[in-house]
Each structure stands twice: as C-alpha cells, then as structure tokens.
Amino acid sequence: MELLQITKLSDFPLISTKKIVQMNNVYTSYDSKNYVLKEITLSIDRGTIYVIVGQSGSGKSTLLKLMNGMMTPSKGTVKIDYQTPNMNDKKFKLMMHNIGYIPQSLGLIKNITVLENTLIGALPRLGKIQSLFKIFPEEEIAEAKKILKQVGLEGKEYRKAYMLSGGEKRRVAIARAFMQKPTLLLADEIVSELDSVTAREIMNLIADAQKTMNLTAIMVHHDMQLALEYANRVAVIKDGEKILEIGVEGDKIVDFQTGNLTPDEIMEMYSVDAKK
Amino acid sequence: MTPKNNLLIGVVIALLVAASYNIGANPIDFVEGLPNLAIIADEMTEIEPTLFVTAFWSMFETIQMAFIGTMVGVVISLPLSMFAARNLNSKYVYVPVRAILAAVRTFPSILWAILFVIMVGLGPFAGVLAIIMYTVGFVTKLQYESIETIDSDPMDAVKSIGVSKWQLIRYVVLPESAPHLLSQMLYMLDYNVRQTSILGLVGAGGIGFYIINYIKFFEYGKAVVFMLVVLFAVLVIDWVSVKIRDKYIVKSQHGIEVSTS
Ligand SMILES: Nc1ncnc2c1ncn2[C@@H]1O[C@H](COP(=O)(O)OP(=O)(O)O)[C@@H](O)[C@H]1O
Ligand SMILES: [Mg+2]
C-alpha cells in the first residue's frame, strides 16, 4: 500500500508578501550636518530587478548600504522583509546571511583563490571548528564549483583572485553572493568600467538568477540604456533625492508622472547623464 | 637660511657641547686612544683556528635560541594583535592591550635577560624567554599596524554576509595581512640573532658568553674567532632572508597592489 504523502512544512511557500524593501521618507547623513539622502520613499517588489541611476556623488551607494544595515537612516524608516536593517542586531544578522552585497570595489580577497572567495558565501553555514581549519563540506565545495561554472569561471577555480581580469573578478563576486543562496542581491556599479559585451554577459547572469531563483536584485548603474534594458523599475536620484521612478514593461516605459516615453525622451527630459 | 633656522642650529650645537662636557666625552681622548687599537689589532692576528669548532657550536646554539624566541614570540603576537587592532575592537579592549605592550617594549632584551636569569637561572633558557618578550612587544605592534591598514572593502563585503568576528579574522584579516607577517618574522629572526649574540653578556646563553669572557681576560685573538663567526652567520641569514623575501613576499605584495578593476 502506498504511504500517505506527507507534506513537509517547507513545501508550503511562506505567504510571501510582495514588497521586499520599503523605505519611507528616509534621510541619511555621514556627518550629522548635511543630508546625503533626502525624502527617499520607495518600495521594491520581490523577484524584480530594480536599478538606481544617478551621477557620481548623488547618493546611490549610500542608498544600497541602507538596505543591508551598513548604514542607518537619520530619519525615516527602512524595512527589509519587515525588519529594520542593523548590522549589530542578531536577528537581522541572520537575514544578512541571504543578502548578497557586492560593493563598488567588489571586496574580493586578493591573495586567495577564486574557489576560496566563493566559499566565503557559505561561511554562515559553517561550524566553528570547521571555520577555524577551513574545512568545507564536500557538498559546499561541489555547490561552489557548480556556481563558478554557471558564472563562466570553470577551470579558473584555483587562480588567485588578483590574477583575474575585471570581468572575471565581477563573476567571482557574483559567485560569492550566489553561494549565500540570496533572496536579495545588492550590486554597486557592477558593470561600470566594463565593455558593453561583458557588461551584458554579467547582467544576463543576474537576470537568469532573478528568473530561476526568484532573486530580487537591486543594482546601481551609470548607464541608463543598460538599466532600461534589464530593469523592471528604474529610479533616478540626483543630489540625494529621487527625482524619477519609471517602470519598464517589455519595450514600453511607463513614467508614473508623464505617461509613456522612450529612453531617449527620458534621458533628454531629466538630463540623466548616462555615462558620468 | 632664515635667521630662525640659524638660531635653531646654534641652539643644537650649544646643547651638543654642553652634553658632551657633562658626560666627559672628549674628542682628544679618542685621538689619543687610537694607538691602542693597533695593540688590539696585533693580538687579533693571533687567531686560534681550533676554536672555530666551539665558535660554530655556540653560534648554532645562539641561532636556535633566536629561532625559538622568534617563533614562540610571533605565535603569541598574532592573537594579541587581534585584540590591539582598532578596526577589530572597541577601545575598552585595545587601549589596555596597547598599554601593556608599550610597557613590554620599554625594556631592551638585555634587561629582560637579566630578569629571566634571576627567575630561571643562568643559561640559554633565560635568553630565549628574553627574546620572546622582546619579539612579542615588537611584532604585535607591527602586526596590529598592518591589520589596521587592511583594505576596508573586503572587510565590509564579508561583514555584510553576517559572519562571526572569528570568521572575519580567519578569512579576511589573516590572508590580507599574511604577507606582512612573513616579512616581519624574517626581519625579527634576523634581528634576534644579533640580539641573542650579546645576551651571553649577562649569562643568558649563546655565543656572547665566550666573547665577553675572552675580552675580560684580554684574549682578543680568541674573541675575534667568535666575532668572525657571528659576522659570517649574520651575513648568511641576511642572504637567506633576501631570497625568501624575493620568492614569497614580493610576489604577493604585487597581488595586493593590483586594483580590482
Ligand atoms: N564614508 C563617507 N563619509 C563621508 N561622506 C561620504 C562617505 N561616503 C560617501 N560620502 C558622501 O556622500 C555623498 C554620496 O556618496 P555615494 O553614496 O557614495 O554616492 P554615489 O555612489 O552616487 O557616487 C557624496 O557626497 C559623498 O562625498
Ligand atoms: Mg557609488
């Protein structure tokens, strides 16, 4: 006789609320005098690609750091899955295990190998003794190798990180983030400084993950064209304020204030400096 | 030259003369003493080759003392420097640790040696303990300074994964500061061999014991054998450290300089 099919609790997807990030009237400051970000209100849907565009110094990196608790707002509220980001909070730290963060400089460890850099994403799952002696379980190593293959670094697992090209380094940073089994990926100018072919390859990796892993990717870009090509939503910030937010549906662009526009019209209207 | 600079130079010269007078440092004594050097040089020509065997063995003992002192010292320094680095601790931790280290550094190794001779008796063990103390004082300082200059980007990136502090140290701080550590170890070993060579002066073992005794009894010919061996050993160690440095450190330093883009 057939056994009763028992459904595990984890087979039920938790009733996933639509919004993963919510910011309400946020102000931030580094020196408690001047606000680097002002009146930022935004909400980001789970499983989408959200791109932040703006000139150098407009506050894009700061905005990302608010989402993983590296910065805290001076005023207003930030919620990630209904929790307030704070690096020193034990409960949020658990959430950080599954938030991939790729800083502008990538933050790779240069003297260790590609594989070791990738395995760093698995550290939260590693015990104390295993951590001390760098003993990663076989299945974690296999997983890391699988991810490295997925990002196009097969055969380069044992290269030292400093020996890689700019594009390859970005792939390692992505692999490390994927190793975290992320629900949210924050990537700061990950394709700036790359040629357009490599930039699209990198963007495709993230777009694929969005579809297959239901990843939410929040990215900072310089290039409006590339942003419109991949994003579901694009926010433009200028001098710390969000001056525009547009939705992208297929090849249509929906500006919530003015109706449907083309990329050229948008760039012209808001004088968005596409390339610095 | 501004008048202010001239005044400053004048003041420095006046202080120099006054201090020399106070301690009785007379250049004329130096000139008059030069012929005595010839007497010493003359005696030194009567080198006794049979002593070379003893000299090499005592040098070997010296090097072993320096080696143990350096290694144990570095092993103690490493965890200590993690508590002294400002970018890893709150000031309630690093301020007291640094204060203790500063106190340890105020003693030269020869004073530590005297202290340990009193504690554990004459012989090489007292010398090893002295070298350990000296090494801990210095390597910890060098090490926490290099930890503080670690690139903050990998630290931030790995911290943002929510790893523990120990994982951060193991996976970021150690690999990023390892090239410095190796270079500090070599530097310290080199320096400690020289230091250990004189610890015999206070009875803490090593080749210095022979040198000081032969000099005491005016047997310069014998003393010079031991000094030549020290010279030879120091040159060899210098040469070996240069080789190791070239092979391991220059390469990885290069890695540090390569930018991420
Ligand atoms: N650590 C910091 N300390 C002080 N000011 C900072 C710091 N980081 C960024 N800023 C300032 O905040 C503003 C926004 O910076 P940032 O968010 O890095 O902009 P973007 O990423 O858009 O170039 C800039 O004026 C910058 O000078
Ligand atoms: Mg930036």
# chains A, B, ... in the order shown; residues from 1 in each chain; ligands from 1
>>> residues_around(residues="Leu106 of chain A", least_positions_apart="4", cutoff="12 Å", atoms="only C-alpha atoms", output="CSV table (one decimal) with C-alpha atoms, in the first residue's frame")
chain,number,residue,atom,x,y,z
A,100,GLY,CA,24.3,39.3,-1.2
A,101,TYR,CA,26.2,42.6,-1.3
A,102,ILE,CA,28.7,43.4,-4.0
A,110,LYS,CA,43.1,39.1,-3.4
A,117,ASN,CA,36.5,33.6,-2.3
A,161,ALA,CA,41.8,36.5,-7.3
A,162,TYR,CA,44.3,39.2,-8.1
A,166,GLY,CA,37.9,43.0,-14.3
A,167,GLY,CA,35.1,41.0,-15.8
A,168,GLU,CA,36.2,37.8,-14.1
A,169,LYS,CA,36.6,39.5,-10.8
A,170,ARG,CA,32.9,40.6,-11.0
A,171,ARG,CA,31.9,37.0,-11.8
A,172,VAL,CA,33.7,35.9,-8.6
A,173,ALA,CA,31.9,38.5,-6.6
A,174,ILE,CA,28.6,37.3,-8.1
A,175,ALA,CA,29.5,33.6,-7.3
A,176,ARG,CA,30.2,34.6,-3.7
A,177,ALA,CA,26.8,36.2,-3.5
A,186,LEU,CA,22.7,44.4,-3.8
A,187,ALA,CA,25.2,45.2,-6.5
A,188,ASP,CA,27.0,48.6,-6.7
A,189,GLU,CA,28.1,49.6,-10.2
A,190,ILE,CA,29.0,46.0,-11.0
A,191,VAL,CA,29.1,46.7,-14.8
A,192,SER,CA,30.6,50.1,-14.8
B,151,ASP,CA,41.7,47.4,2.8
B,152,SER,CA,38.3,48.0,4.4
B,153,ASP,CA,36.4,46.9,1.3
B,154,PRO,CA,36.9,43.1,1.7
B,155,MET,CA,36.2,43.5,5.4
B,156,ASP,CA,32.9,45.3,4.7
B,157,ALA,CA,31.9,42.9,1.9
B,158,VAL,CA,32.5,39.8,4.2
B,259,SER,CA,43.5,47.0,-8.4
B,260,THR,CA,40.1,45.4,-8.7
B,261,SER,CA,39.1,47.0,-12.0
>>> residues_near_ligand(ligand="ligand 1", cutoff="6 Å", atoms="only C-alpha atoms and all ligand atoms", output="CSV table (one decimal) with all heavy atoms, in the first residue's frame")
chain,number,residue,atom,x,y,z
A,30,TYR,N,26.3,61.4,6.9
A,30,TYR,CA,27.6,60.9,7.4
A,30,TYR,C,28.2,61.7,8.5
A,30,TYR,O,28.9,61.3,9.3
A,30,TYR,CB,28.7,60.8,6.3
A,30,TYR,CG,28.4,59.7,5.3
A,30,TYR,CD1,27.8,59.9,4.1
A,30,TYR,CD2,28.8,58.4,5.6
A,30,TYR,CE1,27.6,58.9,3.2
A,30,TYR,CE2,28.7,57.3,4.7
A,30,TYR,CZ,28.0,57.6,3.5
A,30,TYR,OH,27.8,56.6,2.6
A,36,VAL,N,22.9,63.3,2.9
A,36,VAL,CA,23.3,62.8,1.7
A,36,VAL,C,22.1,62.2,0.9
A,36,VAL,O,22.1,62.2,-0.3
A,36,VAL,CB,24.3,61.6,2.0
A,36,VAL,CG1,24.7,60.8,0.8
A,36,VAL,CG2,25.6,62.2,2.6
A,55,GLN,N,24.2,60.5,-11.0
A,55,GLN,CA,25.5,60.9,-11.2
A,55,GLN,C,26.4,60.5,-10.0
A,55,GLN,O,25.9,60.2,-8.9
A,55,GLN,CB,25.6,62.4,-11.4
A,55,GLN,CG,24.9,62.8,-12.7
A,55,GLN,CD,25.1,64.3,-13.0
A,55,GLN,OE1,25.3,65.1,-12.0
A,55,GLN,NE2,24.9,64.7,-14.2
A,56,SER,N,27.7,60.6,-10.2
A,56,SER,CA,28.6,60.4,-9.1
A,56,SER,C,28.3,61.3,-7.9
A,56,SER,O,28.1,62.4,-8.1
A,56,SER,CB,30.0,60.7,-9.6
A,56,SER,OG,30.8,59.6,-9.6
A,57,GLY,N,28.3,60.7,-6.8
A,57,GLY,CA,28.1,61.5,-5.6
A,57,GLY,C,26.6,61.8,-5.3
A,57,GLY,O,26.3,62.5,-4.3
A,58,SER,N,25.7,61.2,-6.1
A,58,SER,CA,24.3,61.5,-5.8
A,58,SER,C,23.7,60.7,-4.7
A,58,SER,O,22.6,61.1,-4.2
A,58,SER,CB,23.5,61.3,-7.1
A,58,SER,OG,23.7,59.9,-7.5
A,59,GLY,N,24.5,59.7,-4.2
A,59,GLY,CA,24.0,59.0,-3.0
A,59,GLY,C,23.6,57.6,-3.3
A,59,GLY,O,23.0,56.9,-2.4
A,60,LYS,N,23.9,57.0,-4.5
A,60,LYS,CA,23.5,55.7,-4.8
A,60,LYS,C,24.0,54.6,-3.9
A,60,LYS,O,23.3,53.8,-3.4
A,60,LYS,CB,23.9,55.4,-6.3
A,60,LYS,CG,23.5,56.4,-7.3
A,60,LYS,CD,23.9,56.0,-8.7
A,60,LYS,CE,25.4,56.0,-8.9
A,60,LYS,NZ,26.1,57.3,-8.8
A,61,SER,N,25.4,54.7,-3.7
A,61,SER,CA,26.0,53.7,-2.8
A,61,SER,C,25.4,53.7,-1.4
A,61,SER,O,25.2,52.7,-0.8
A,61,SER,CB,27.5,53.9,-2.8
A,61,SER,OG,28.1,53.8,-4.0
A,62,THR,N,25.2,54.9,-0.9
A,62,THR,CA,24.6,55.1,0.4
A,62,THR,C,23.3,54.5,0.5
A,62,THR,O,22.9,53.8,1.5
A,62,THR,CB,24.5,56.6,0.7
A,62,THR,OG1,25.8,57.2,0.5
A,62,THR,CG2,24.2,56.8,2.2
>>> residues_around(residues="Arg125 of chain A", least_positions_apart="4", cutoff="12 Å", atoms="only C-alpha atoms", output="list in words")
Leu94, His97, Asn98, Leu119, Ile120, Gly121, Gln130, Ser131, Ile135, Phe136, Pro137, Glu139, Glu140, Met179, Gln180 and Lys181 of chain A; Ile161, Gly162, Val163, Ser164 and Gln167 of chain B
>>> write_last_selection(atoms="N, CA and C atoms", output="PDB file, in the first residue's frame")
ATOM      1  N   LEU A  94      20.970  37.299  10.892  1.00  0.00           N
ATOM      2  CA  LEU A  94      20.504  36.067  10.245  1.00  0.00           C
ATOM      3  C   LEU A  94      20.016  36.352   8.838  1.00  0.00           C
ATOM      4  N   HIS A  97      22.701  36.797   6.116  1.00  0.00           N
ATOM      5  CA  HIS A  97      23.269  35.588   5.515  1.00  0.00           C
ATOM      6  C   HIS A  97      22.770  35.399   4.089  1.00  0.00           C
ATOM      7  N   ASN A  98      21.558  35.872   3.828  1.00  0.00           N
ATOM      8  CA  ASN A  98      20.967  35.683   2.499  1.00  0.00           C
ATOM      9  C   ASN A  98      20.809  36.980   1.716  1.00  0.00           C
ATOM     10  N   LEU A 119      33.598  30.341  -1.567  1.00  0.00           N
ATOM     11  CA  LEU A 119      33.163  29.622  -0.361  1.00  0.00           C
ATOM     12  C   LEU A 119      32.873  30.556   0.809  1.00  0.00           C
ATOM     13  N   ILE A 120      33.410  31.764   0.756  1.00  0.00           N
ATOM     14  CA  ILE A 120      33.127  32.720   1.828  1.00  0.00           C
ATOM     15  C   ILE A 120      31.620  32.958   1.951  1.00  0.00           C
ATOM     16  N   GLY A 121      30.915  32.842   0.831  1.00  0.00           N
ATOM     17  CA  GLY A 121      29.464  32.981   0.874  1.00  0.00           C
ATOM     18  C   GLY A 121      28.777  31.914   1.705  1.00  0.00           C
ATOM     19  N   GLN A 130      35.079  23.853  11.952  1.00  0.00           N
ATOM     20  CA  GLN A 130      35.274  23.789  10.501  1.00  0.00           C
ATOM     21  C   GLN A 130      35.796  25.107   9.963  1.00  0.00           C
ATOM     22  N   SER A 131      35.264  26.232  10.498  1.00  0.00           N
ATOM     23  CA  SER A 131      35.709  27.551  10.064  1.00  0.00           C
ATOM     24  C   SER A 131      37.182  27.743  10.358  1.00  0.00           C
ATOM     25  N   ILE A 135      37.592  23.808   6.829  1.00  0.00           N
ATOM     26  CA  ILE A 135      37.081  22.537   6.324  1.00  0.00           C
ATOM     27  C   ILE A 135      35.657  22.753   5.824  1.00  0.00           C
ATOM     28  N   PHE A 136      35.515  22.820   4.508  1.00  0.00           N
ATOM     29  CA  PHE A 136      34.176  22.970   3.947  1.00  0.00           C
ATOM     30  C   PHE A 136      33.649  21.600   3.560  1.00  0.00           C
ATOM     31  N   PRO A 137      32.381  21.313   3.864  1.00  0.00           N
ATOM     32  CA  PRO A 137      31.820  20.014   3.477  1.00  0.00           C
ATOM     33  C   PRO A 137      31.875  19.837   1.957  1.00  0.00           C
ATOM     34  N   GLU A 139      29.730  18.873  -0.104  1.00  0.00           N
ATOM     35  CA  GLU A 139      28.611  19.388  -0.905  1.00  0.00           C
ATOM     36  C   GLU A 139      28.695  20.906  -1.093  1.00  0.00           C
ATOM     37  N   GLU A 140      29.320  21.600  -0.134  1.00  0.00           N
ATOM     38  CA  GLU A 140      29.501  23.044  -0.312  1.00  0.00           C
ATOM     39  C   GLU A 140      30.517  23.322  -1.423  1.00  0.00           C
ATOM     40  N   MET A 179      26.484  31.993  -3.633  1.00  0.00           N
ATOM     41  CA  MET A 179      26.796  30.973  -2.639  1.00  0.00           C
ATOM     42  C   MET A 179      26.016  31.215  -1.348  1.00  0.00           C
ATOM     43  N   GLN A 180      25.599  32.464  -1.128  1.00  0.00           N
ATOM     44  CA  GLN A 180      24.814  32.778   0.066  1.00  0.00           C
ATOM     45  C   GLN A 180      23.367  32.315  -0.057  1.00  0.00           C
ATOM     46  N   LYS A 181      22.998  31.738  -1.203  1.00  0.00           N
ATOM     47  CA  LYS A 181      21.608  31.430  -1.509  1.00  0.00           C
ATOM     48  C   LYS A 181      20.749  32.671  -1.269  1.00  0.00           C
TER      49      LYS A 181
ATOM     50  N   ILE B 161      27.941  39.756   4.994  1.00  0.00           N
ATOM     51  CA  ILE B 161      27.341  38.412   4.898  1.00  0.00           C
ATOM     52  C   ILE B 161      26.810  37.998   6.265  1.00  0.00           C
ATOM     53  N   GLY B 162      27.234  38.732   7.309  1.00  0.00           N
ATOM     54  CA  GLY B 162      26.786  38.402   8.659  1.00  0.00           C
ATOM     55  C   GLY B 162      27.613  37.302   9.293  1.00  0.00           C
ATOM     56  N   VAL B 163      28.911  37.231   8.945  1.00  0.00           N
ATOM     57  CA  VAL B 163      29.783  36.204   9.518  1.00  0.00           C
ATOM     58  C   VAL B 163      30.171  36.595  10.937  1.00  0.00           C
ATOM     59  N   SER B 164      30.728  35.629  11.695  1.00  0.00           N
ATOM     60  CA  SER B 164      31.167  35.948  13.054  1.00  0.00           C
ATOM     61  C   SER B 164      32.504  36.678  12.981  1.00  0.00           C
ATOM     62  N   GLN B 167      35.339  34.376  12.142  1.00  0.00           N
ATOM     63  CA  GLN B 167      35.401  34.046  10.716  1.00  0.00           C
ATOM     64  C   GLN B 167      36.008  35.207   9.936  1.00  0.00           C
TER      65      GLN B 167
END
>>> residues_around(residues="Val173 of chain B", least_positions_apart="6", cutoff="9 Å", atoms="only C-alpha atoms", output="list in words")
Met82, Ile147, Ile150 and Met155 of chain B
>>> write_last_selection(atoms="N, CA and C atoms", output="PDB file, in the first residue's frame")
ATOM      1  N   MET B  82      45.294  40.887  17.349  1.00  0.00           N
ATOM      2  CA  MET B  82      43.867  40.953  17.009  1.00  0.00           C
ATOM      3  C   MET B  82      43.097  41.760  18.055  1.00  0.00           C
ATOM      4  N   ILE B 147      47.356  45.241  10.357  1.00  0.00           N
ATOM      5  CA  ILE B 147      45.929  44.897  10.332  1.00  0.00           C
ATOM      6  C   ILE B 147      45.098  46.166  10.132  1.00  0.00           C
ATOM      7  N   ILE B 150      44.678  47.198   6.522  1.00  0.00           N
ATOM      8  CA  ILE B 150      43.977  46.302   5.589  1.00  0.00           C
ATOM      9  C   ILE B 150      42.859  47.074   4.898  1.00  0.00           C
ATOM     10  N   MET B 155      36.732  43.656   4.021  1.00  0.00           N
ATOM     11  CA  MET B 155      36.171  43.536   5.377  1.00  0.00           C
ATOM     12  C   MET B 155      34.678  43.825   5.348  1.00  0.00           C
TER      13      MET B 155
END
>>> select_by_dssp(residues="segment 159-247 of chain A", states="helix (DSSP H, G or I)", output="number ranges by chain")
A: 161-163, 166-179, 196-213, 224-230
>>> atom_distance(atom1="atom CA of Val53 of chain A", atom2="atom CA of Ala209 of chain A")
21.4 Å
>>> select_by_dssp(residues="segment 29-200 of chain A", states="strand (DSSP E or B)", output="JSON, numbers by chain")
{"A": [29, 35, 36, 37, 38, 39, 40, 41, 42, 43, 44, 45, 49, 50, 51, 52, 53, 54, 75, 76, 77, 78, 79, 80, 83, 99, 100, 101, 102, 113, 160, 184, 185, 186, 187, 188]}
>>> residues_around(residues="segment 140-143 of chain B", least_positions_apart="2", cutoff="8 Å", atoms="only C-alpha atoms", output="ChimeraX atom specification")
/B:74,77-78,80-81,101,135-138,145-147,177,180-181,184
>>> write_last_selection(atoms="all heavy atoms", output="tab-separated table (two decimals), in the first residue's frame")
chain	number	residue	atom	x	y	z
B	74	VAL	N	56.19	35.20	17.87
B	74	VAL	CA	55.22	35.50	16.81
B	74	VAL	C	53.89	34.82	17.09
B	74	VAL	O	52.82	35.42	16.90
B	74	VAL	CB	55.79	35.11	15.42
B	74	VAL	CG1	54.70	35.13	14.36
B	74	VAL	CG2	56.91	36.05	15.03
B	77	SER	N	52.19	36.82	19.51
B	77	SER	CA	51.84	38.14	18.98
B	77	SER	C	50.56	38.13	18.15
B	77	SER	O	49.80	39.09	18.15
B	77	SER	CB	52.94	38.66	18.06
B	77	SER	OG	54.13	38.75	18.74
B	78	LEU	N	50.40	37.04	17.42
B	78	LEU	CA	49.31	37.00	16.45
B	78	LEU	C	47.94	37.22	17.09
B	78	LEU	O	47.23	38.17	16.72
B	78	LEU	CB	49.38	35.68	15.69
B	78	LEU	CG	48.79	35.69	14.31
B	78	LEU	CD1	49.44	36.73	13.43
B	78	LEU	CD2	48.92	34.32	13.70
B	80	LEU	N	47.35	38.35	20.04
B	80	LEU	CA	47.40	39.61	20.79
B	80	LEU	C	47.12	40.80	19.88
B	80	LEU	O	46.40	41.74	20.25
B	80	LEU	CB	48.81	39.74	21.40
B	80	LEU	CG	48.93	40.32	22.79
B	80	LEU	CD1	47.99	39.64	23.76
B	80	LEU	CD2	50.37	40.22	23.28
B	81	SER	N	47.67	40.74	18.66
B	81	SER	CA	47.49	41.87	17.74
B	81	SER	C	46.02	42.01	17.32
B	81	SER	O	45.57	43.10	17.02
B	81	SER	CB	48.38	41.72	16.52
B	81	SER	OG	48.04	40.56	15.81
B	101	LEU	N	51.48	46.37	26.03
B	101	LEU	CA	52.51	46.17	25.01
B	101	LEU	C	53.56	47.26	25.05
B	101	LEU	O	54.75	47.01	24.89
B	101	LEU	CB	51.86	46.12	23.62
B	101	LEU	CG	51.09	44.85	23.32
B	101	LEU	CD1	50.25	45.03	22.08
B	101	LEU	CD2	52.05	43.69	23.15
B	135	THR	N	60.25	40.05	21.25
B	135	THR	CA	59.55	39.80	19.99
B	135	THR	C	58.06	40.10	20.12
B	135	THR	O	57.46	40.73	19.24
B	135	THR	CB	59.76	38.32	19.57
B	135	THR	OG1	61.15	38.07	19.49
B	135	THR	CG2	59.12	38.04	18.23
B	136	VAL	N	57.46	39.68	21.23
B	136	VAL	CA	56.03	39.94	21.43
B	136	VAL	C	55.77	41.45	21.40
B	136	VAL	O	54.88	41.94	20.70
B	136	VAL	CB	55.54	39.33	22.77
B	136	VAL	CG1	54.16	39.86	23.13
B	136	VAL	CG2	55.50	37.82	22.66
B	137	GLY	N	56.60	42.21	22.11
B	137	GLY	CA	56.43	43.66	22.16
B	137	GLY	C	56.45	44.29	20.78
B	137	GLY	O	55.61	45.12	20.45
B	138	PHE	N	57.40	43.84	19.96
B	138	PHE	CA	57.54	44.49	18.66
B	138	PHE	C	56.65	43.92	17.58
B	138	PHE	O	56.02	44.66	16.83
B	138	PHE	CB	59.01	44.49	18.21
B	138	PHE	CG	59.67	45.74	18.66
B	138	PHE	CD1	60.31	45.79	19.88
B	138	PHE	CD2	59.57	46.89	17.90
B	138	PHE	CE1	60.86	46.97	20.34
B	138	PHE	CE2	60.13	48.07	18.35
B	138	PHE	CZ	60.77	48.12	19.58
B	145	GLU	N	49.51	47.20	13.42
B	145	GLU	CA	49.55	48.31	12.47
B	145	GLU	C	49.23	47.83	11.06
B	145	GLU	O	48.53	48.51	10.31
B	145	GLU	CB	50.91	49.01	12.52
B	145	GLU	CG	50.95	49.99	13.68
B	145	GLU	CD	52.32	50.58	13.94
B	145	GLU	OE1	53.28	50.21	13.23
B	145	GLU	OE2	52.40	51.41	14.86
B	146	SER	N	49.71	46.63	10.70
B	146	SER	CA	49.38	46.18	9.35
B	146	SER	C	47.92	45.73	9.26
B	146	SER	O	47.29	45.89	8.23
B	146	SER	CB	50.36	45.13	8.84
B	146	SER	OG	50.27	43.97	9.58
B	147	ILE	N	47.36	45.24	10.36
B	147	ILE	CA	45.93	44.90	10.33
B	147	ILE	C	45.10	46.17	10.13
B	147	ILE	O	44.12	46.17	9.40
B	147	ILE	CB	45.51	44.18	11.64
B	147	ILE	CG1	46.13	42.79	11.69
B	147	ILE	CG2	43.98	44.08	11.74
B	147	ILE	CD1	45.94	42.09	13.01
B	177	SER	N	46.75	40.04	5.81
B	177	SER	CA	47.95	40.54	6.48
B	177	SER	C	49.08	39.51	6.47
B	177	SER	O	50.16	39.78	6.98
B	177	SER	CB	47.63	40.98	7.91
B	177	SER	OG	47.15	39.89	8.65
B	180	HIS	N	52.62	40.52	5.22
B	180	HIS	CA	53.33	41.36	6.18
B	180	HIS	C	53.91	40.51	7.29
B	180	HIS	O	55.02	40.72	7.73
B	180	HIS	CB	52.39	42.40	6.79
B	180	HIS	CG	51.80	43.32	5.79
B	180	HIS	ND1	52.50	44.38	5.27
B	180	HIS	CD2	50.59	43.36	5.20
B	180	HIS	CE1	51.74	45.01	4.41
B	180	HIS	NE2	50.57	44.41	4.35
B	181	LEU	N	53.12	39.55	7.73
B	181	LEU	CA	53.53	38.71	8.85
B	181	LEU	C	54.82	37.96	8.53
B	181	LEU	O	55.75	37.92	9.32
B	181	LEU	CB	52.42	37.73	9.22
B	181	LEU	CG	52.72	36.91	10.45
B	181	LEU	CD1	52.74	37.80	11.68
B	181	LEU	CD2	51.71	35.80	10.63
B	184	GLN	N	57.67	40.30	8.59
B	184	GLN	CA	58.02	40.68	9.96
B	184	GLN	C	58.77	39.56	10.68
B	184	GLN	O	59.68	39.81	11.45
B	184	GLN	CB	56.75	41.02	10.75
B	184	GLN	CG	56.18	42.36	10.38
B	184	GLN	CD	54.70	42.42	10.66
B	184	GLN	OE1	54.15	41.59	11.37
B	184	GLN	NE2	54.05	43.41	10.08
